[in-house]
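Structure data (TSV, C-alpha atoms and all ligand atoms) from input31.tsv:
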chain	number	residue	atom	x	y	z
A	1	MET	CA	15.85	-0.81	2.28
A	2	ALA	CA	15.22	0.00	-1.37
A	3	GLY	CA	12.25	2.19	-2.29
A	4	TYR	CA	10.08	1.63	-5.32
A	5	VAL	CA	7.77	4.22	-6.85
A	6	VAL	CA	4.33	2.59	-7.15
A	7	GLY	CA	2.30	5.55	-8.38
A	8	ARG	CA	1.07	9.05	-7.63
A	9	VAL	CA	-0.98	9.88	-4.53
A	10	GLY	CA	-3.96	10.76	-6.75
A	11	GLU	CA	-4.02	7.27	-8.23
A	12	ILE	CA	-4.92	5.75	-4.84
A	13	PRO	CA	-7.60	7.99	-3.30
A	14	PRO	CA	-8.85	7.34	0.26
A	15	GLY	CA	-10.78	4.08	0.45
A	16	SER	CA	-9.06	2.53	-2.56
A	17	ARG	CA	-6.18	0.20	-3.24
A	18	LYS	CA	-3.73	-0.53	-5.97
A	19	ILE	CA	-2.05	-3.88	-6.59
A	20	VAL	CA	1.51	-3.47	-7.82
A	21	ASP	CA	4.52	-5.60	-8.59
A	22	VAL	CA	7.49	-4.64	-6.43
A	23	ALA	CA	10.73	-6.49	-7.12
A	24	GLY	CA	8.83	-9.59	-8.23
A	25	ARG	CA	6.33	-9.52	-5.35
A	26	SER	CA	2.64	-8.69	-5.65
A	27	VAL	CA	1.85	-5.97	-3.10
A	28	GLY	CA	-1.41	-4.22	-2.24
A	29	VAL	CA	-1.12	-0.51	-1.45
A	30	PHE	CA	-4.10	0.86	0.51
A	31	ASN	CA	-5.16	4.39	1.32
A	32	ILE	CA	-7.13	4.49	4.56
A	33	GLY	CA	-8.20	7.99	5.41
A	34	GLY	CA	-5.16	9.51	3.73
A	35	THR	CA	-2.61	7.14	5.30
A	36	PHE	CA	-0.99	4.54	3.08
A	37	TYR	CA	-0.33	0.91	4.00
A	38	ALA	CA	1.18	-1.92	2.00
A	39	LEU	CA	0.64	-5.66	2.44
A	40	ARG	CA	1.99	-8.67	0.59
A	41	ASN	CA	-0.70	-9.96	-1.73
A	42	ALA	CA	-0.33	-13.52	-0.46
A	43	CYS	CA	-2.47	-14.80	2.39
A	44	PRO	CA	-0.51	-16.69	5.07
A	45	HIS	CA	-3.22	-19.37	5.14
A	46	GLN	CA	-2.87	-20.89	1.66
A	47	GLY	CA	-1.42	-18.09	-0.45
A	48	GLY	CA	-4.67	-16.58	-1.73
A	49	PRO	CA	-4.70	-13.08	-3.30
A	50	LEU	CA	-5.49	-11.39	0.01
A	51	CYS	CA	-5.28	-7.81	-1.28
A	52	LEU	CA	-8.14	-8.45	-3.72
A	53	GLY	CA	-10.51	-9.16	-0.84
A	54	ARG	CA	-13.41	-7.05	0.39
A	55	ILE	CA	-12.56	-4.24	2.76
A	56	ARG	CA	-14.97	-3.74	5.62
A	57	GLY	CA	-15.04	-3.07	9.33
A	58	THR	CA	-15.53	-5.44	12.23
A	59	THR	CA	-17.32	-5.82	15.53
A	60	LEU	CA	-15.59	-4.06	18.38
A	61	PRO	CA	-15.16	-5.22	21.98
A	62	SER	CA	-18.44	-4.59	23.75
A	63	ALA	CA	-20.68	-5.74	26.56
A	64	PRO	CA	-22.34	-9.19	26.37
A	65	GLY	CA	-25.31	-9.09	24.01
A	66	GLU	CA	-24.18	-5.83	22.49
A	67	TYR	CA	-22.77	-5.60	18.95
A	68	VAL	CA	-20.78	-2.52	18.09
A	69	TYR	CA	-19.50	-2.20	14.54
A	70	GLY	CA	-16.48	-0.06	13.75
A	71	ARG	CA	-13.16	0.36	11.95
A	72	GLU	CA	-14.95	0.56	8.60
A	73	GLY	CA	-12.47	0.38	5.72
A	74	GLU	CA	-9.61	-1.09	7.81
A	75	ILE	CA	-10.29	-4.83	7.70
A	76	ILE	CA	-9.65	-6.95	4.61
A	77	ARG	CA	-11.18	-10.38	4.08
A	78	CYS	CA	-9.26	-12.95	2.03
A	79	PRO	CA	-11.34	-13.94	-1.01
A	80	TRP	CA	-10.40	-17.63	-0.71
A	81	HIS	CA	-11.49	-18.69	2.81
A	82	GLY	CA	-12.46	-15.48	4.57
A	83	TRP	CA	-9.60	-14.93	7.01
A	84	GLU	CA	-9.70	-11.30	8.12
A	85	PHE	CA	-6.70	-9.03	8.53
A	86	ASP	CA	-6.15	-5.56	9.92
A	87	VAL	CA	-4.77	-3.58	6.97
A	88	THR	CA	-2.97	-1.18	9.31
A	89	THR	CA	-0.94	-3.92	11.04
A	90	GLY	CA	-1.12	-6.97	8.77
A	91	ARG	CA	-2.33	-9.09	11.71
A	92	THR	CA	-5.31	-11.45	11.65
A	93	LEU	CA	-8.28	-10.63	13.78
A	94	VAL	CA	-8.51	-14.19	15.11
A	95	ASP	CA	-4.88	-14.70	16.21
A	96	PRO	CA	-3.08	-11.35	15.91
A	97	ALA	CA	-0.09	-12.42	18.00
A	98	ARG	CA	0.83	-15.36	15.76
A	99	VAL	CA	-0.66	-14.92	12.28
A	100	ARG	CA	0.02	-11.95	10.07
A	101	VAL	CA	0.74	-11.04	6.49
A	102	ARG	CA	3.97	-9.27	5.52
A	103	ARG	CA	3.61	-5.53	5.83
A	104	TYR	CA	5.80	-2.93	4.12
A	105	GLU	CA	6.61	0.65	5.01
A	106	VAL	CA	5.06	3.27	2.73
A	107	THR	CA	6.19	6.87	2.37
A	108	VAL	CA	4.83	9.74	0.32
A	109	GLU	CA	7.58	11.80	-1.23
A	110	PRO	CA	7.60	14.86	-3.46
A	111	PRO	CA	8.30	14.12	-7.10
A	112	PRO	CA	11.92	14.73	-8.03
A	113	ALA	CA	12.64	18.01	-9.76
A	114	GLU	CA	13.64	17.65	-13.38
A	115	THR	CA	17.33	18.46	-13.59
A	116	TYR	CA	19.77	18.91	-16.43
A	117	PRO	CA	23.51	18.77	-16.48
A	118	VAL	CA	25.15	22.22	-16.41
A	119	THR	CA	28.72	23.05	-17.36
A	120	VAL	CA	30.74	26.23	-17.55
A	121	GLU	CA	32.63	26.62	-20.83
A	122	ASP	CA	34.86	29.64	-21.35
A	123	GLY	CA	32.75	31.77	-18.99
A	124	LEU	CA	29.42	30.64	-20.46
A	125	VAL	CA	26.98	28.60	-18.38
A	126	VAL	CA	25.59	25.84	-20.60
A	127	VAL	CA	22.53	23.73	-19.77
A	128	HIS	CA	22.46	20.43	-21.60
A	129	VAL	CA	18.93	19.42	-22.59
A	130	GLU	CA	18.41	16.62	-25.05
A	131	ARG	CA	16.92	17.80	-28.30
A	132	VAL	CA	13.46	16.51	-29.02
A	133	SER	CA	13.16	15.49	-32.61
A	134	ALA	CA	9.92	16.28	-34.42
A	201	LIG	S1	-5.89	-18.44	1.47
A	201	LIG	FE1	-6.60	-16.71	2.54
A	201	LIG	S2	-8.00	-17.49	3.96
A	201	LIG	FE2	-7.28	-19.21	2.93
Re-express the file's structure as structure tokens.
Amino acid sequence: MAGYVVGRVGEIPPGSRKIVDVAGRSVGVFNIGGTFYALRNACPHQGGPLCLGRIRGTTLPSAPGEYVYGREGEIIRCPWHGWEFDVTTGRTLVDPARVRVRRYEVTVEPPPAETYPVTVEDGLVVVHVERVSA
């Protein structure tokens, strides 16, 4: 599976999202409490821009007549018709076994070190750095 750099960790602080183009697909990258998730920015209902929706919580299982709210910041609501999805799994709240949006793996990796070609010429070690013209 090919990896695509979509930004630096600091560009997507906890509670925020960034919409990026990855290999021709619009993808929403979310930071929930320091963990990153990525969802296809196309709602499985009618293709709406799901990742632009409001992010909230939801009511949790509770006793009859009791309403317990939780999971704040983990549920996204499609801006077109209001279908709700769990950002951490891509599944809908209404029918999680059958309806879900495409989810992608996200990793956080250290930036690559800047390297330069090195050669040995007649006993001299030579580092080849491109000259920067003024
Ligand atoms: S397109 Fe998302 S709920 Fe209809």
**Asked** Which residues sit within 8 Å of ligand LIG 201 (chain A), counting all atoms listed in the file, listed as a list in words?
**Response**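 Going residue by residue within 8 Å of ligand LIG 201 (chain A), we get Ala42, Cys43, Pro44, His45, Gln46, Gly47, Gly48, Pro49, Leu50, Arg77, Cys78, Pro79, Trp80, His81, Gly82, Trp83 and Glu84 of chain A.
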Please dump the current selection as a compact mmCIF listing (two decimals), in the frame of the given file; keep C-alpha atoms.
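Here's the written file selection-v7.txt:
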# COMPACT_ATOMS: atom_id res chain seq x y z
CA ALA A 42 -0.33 -13.52 -0.46
CA CYS A 43 -2.47 -14.80 2.39
CA PRO A 44 -0.51 -16.69 5.07
CA HIS A 45 -3.22 -19.37 5.14
CA GLN A 46 -2.87 -20.89 1.66
CA GLY A 47 -1.42 -18.09 -0.45
CA GLY A 48 -4.67 -16.58 -1.73
CA PRO A 49 -4.70 -13.08 -3.30
CA LEU A 50 -5.49 -11.39 0.01
CA ARG A 77 -11.18 -10.38 4.08
CA CYS A 78 -9.26 -12.95 2.03
CA PRO A 79 -11.34 -13.94 -1.01
CA TRP A 80 -10.40 -17.63 -0.71
CA HIS A 81 -11.49 -18.69 2.81
CA GLY A 82 -12.46 -15.48 4.57
CA TRP A 83 -9.60 -14.93 7.01
CA GLU A 84 -9.70 -11.30 8.12
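Between CA of Gly90 in chain A and CA of Pro111 in chain A the interatomic distance comes to 28.0 Å.
For the pair CA of Gly33 in chain A and CA of Val87 in chain A, the separation is 12.2 Å.
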Using all atoms listed in the file, which of A:Gly7, A:His128, A:Glu114, A:Leu39 sits nearest Arg102 in chain A?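 Closest candidate: A:Leu39.
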Using all atoms listed in the file, determine which residues lie at most 8 Å from Arg56 in chain A, disregarding the query and same-chain residues fewer than 5 positions distant; provide the list as an mmCIF file with C-alpha atoms, keeping the file's coordinate frame.
data_model
loop_
_atom_site.group_PDB
_atom_site.id
_atom_site.type_symbol
_atom_site.label_atom_id
_atom_site.label_comp_id
_atom_site.auth_asym_id
_atom_site.auth_seq_id
_atom_site.Cartn_x
_atom_site.Cartn_y
_atom_site.Cartn_z
ATOM 1 C CA ARG A 71 -13.160 0.360 11.950
ATOM 2 C CA GLU A 72 -14.950 0.560 8.600
ATOM 3 C CA GLY A 73 -12.470 0.380 5.720
ATOM 4 C CA GLU A 74 -9.610 -1.090 7.810
ATOM 5 C CA ILE A 75 -10.290 -4.830 7.700
ATOM 6 C CA ILE A 76 -9.650 -6.950 4.610
ATOM 7 C CA ARG A 77 -11.180 -10.380 4.080
#
A straight line from CA of Thr107 in chain A to CA of Gly3 in chain A spans 9.0 Å
| request: Please provide the set of residues having any atom within 10 Å of Leu60 in chain A, restricted to all atoms listed in the file, with same-chain residues fewer than 6 positions apart removed, written as a ChimeraX atom specification. | output: /A:66-71
Nearest to Tyr104 in chain A, restricted to only C-alpha atoms and choosing among A:Ile32, A:Leu124, A:Ala2, A:Val9, comes out as A:Ala2
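Residues within 8 Å of Phe36 in chain A, counting all atoms listed in the file and excluding same-chain residues fewer than 5 positions away, are A:Val29, A:Phe30, A:Asn31, A:Val106, A:Thr107.
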In terms of only C-alpha atoms, the residue from A:Ala63, A:Val125, A:Leu93, A:Leu52 at minimal distance from Gly28 in chain A is A:Leu52
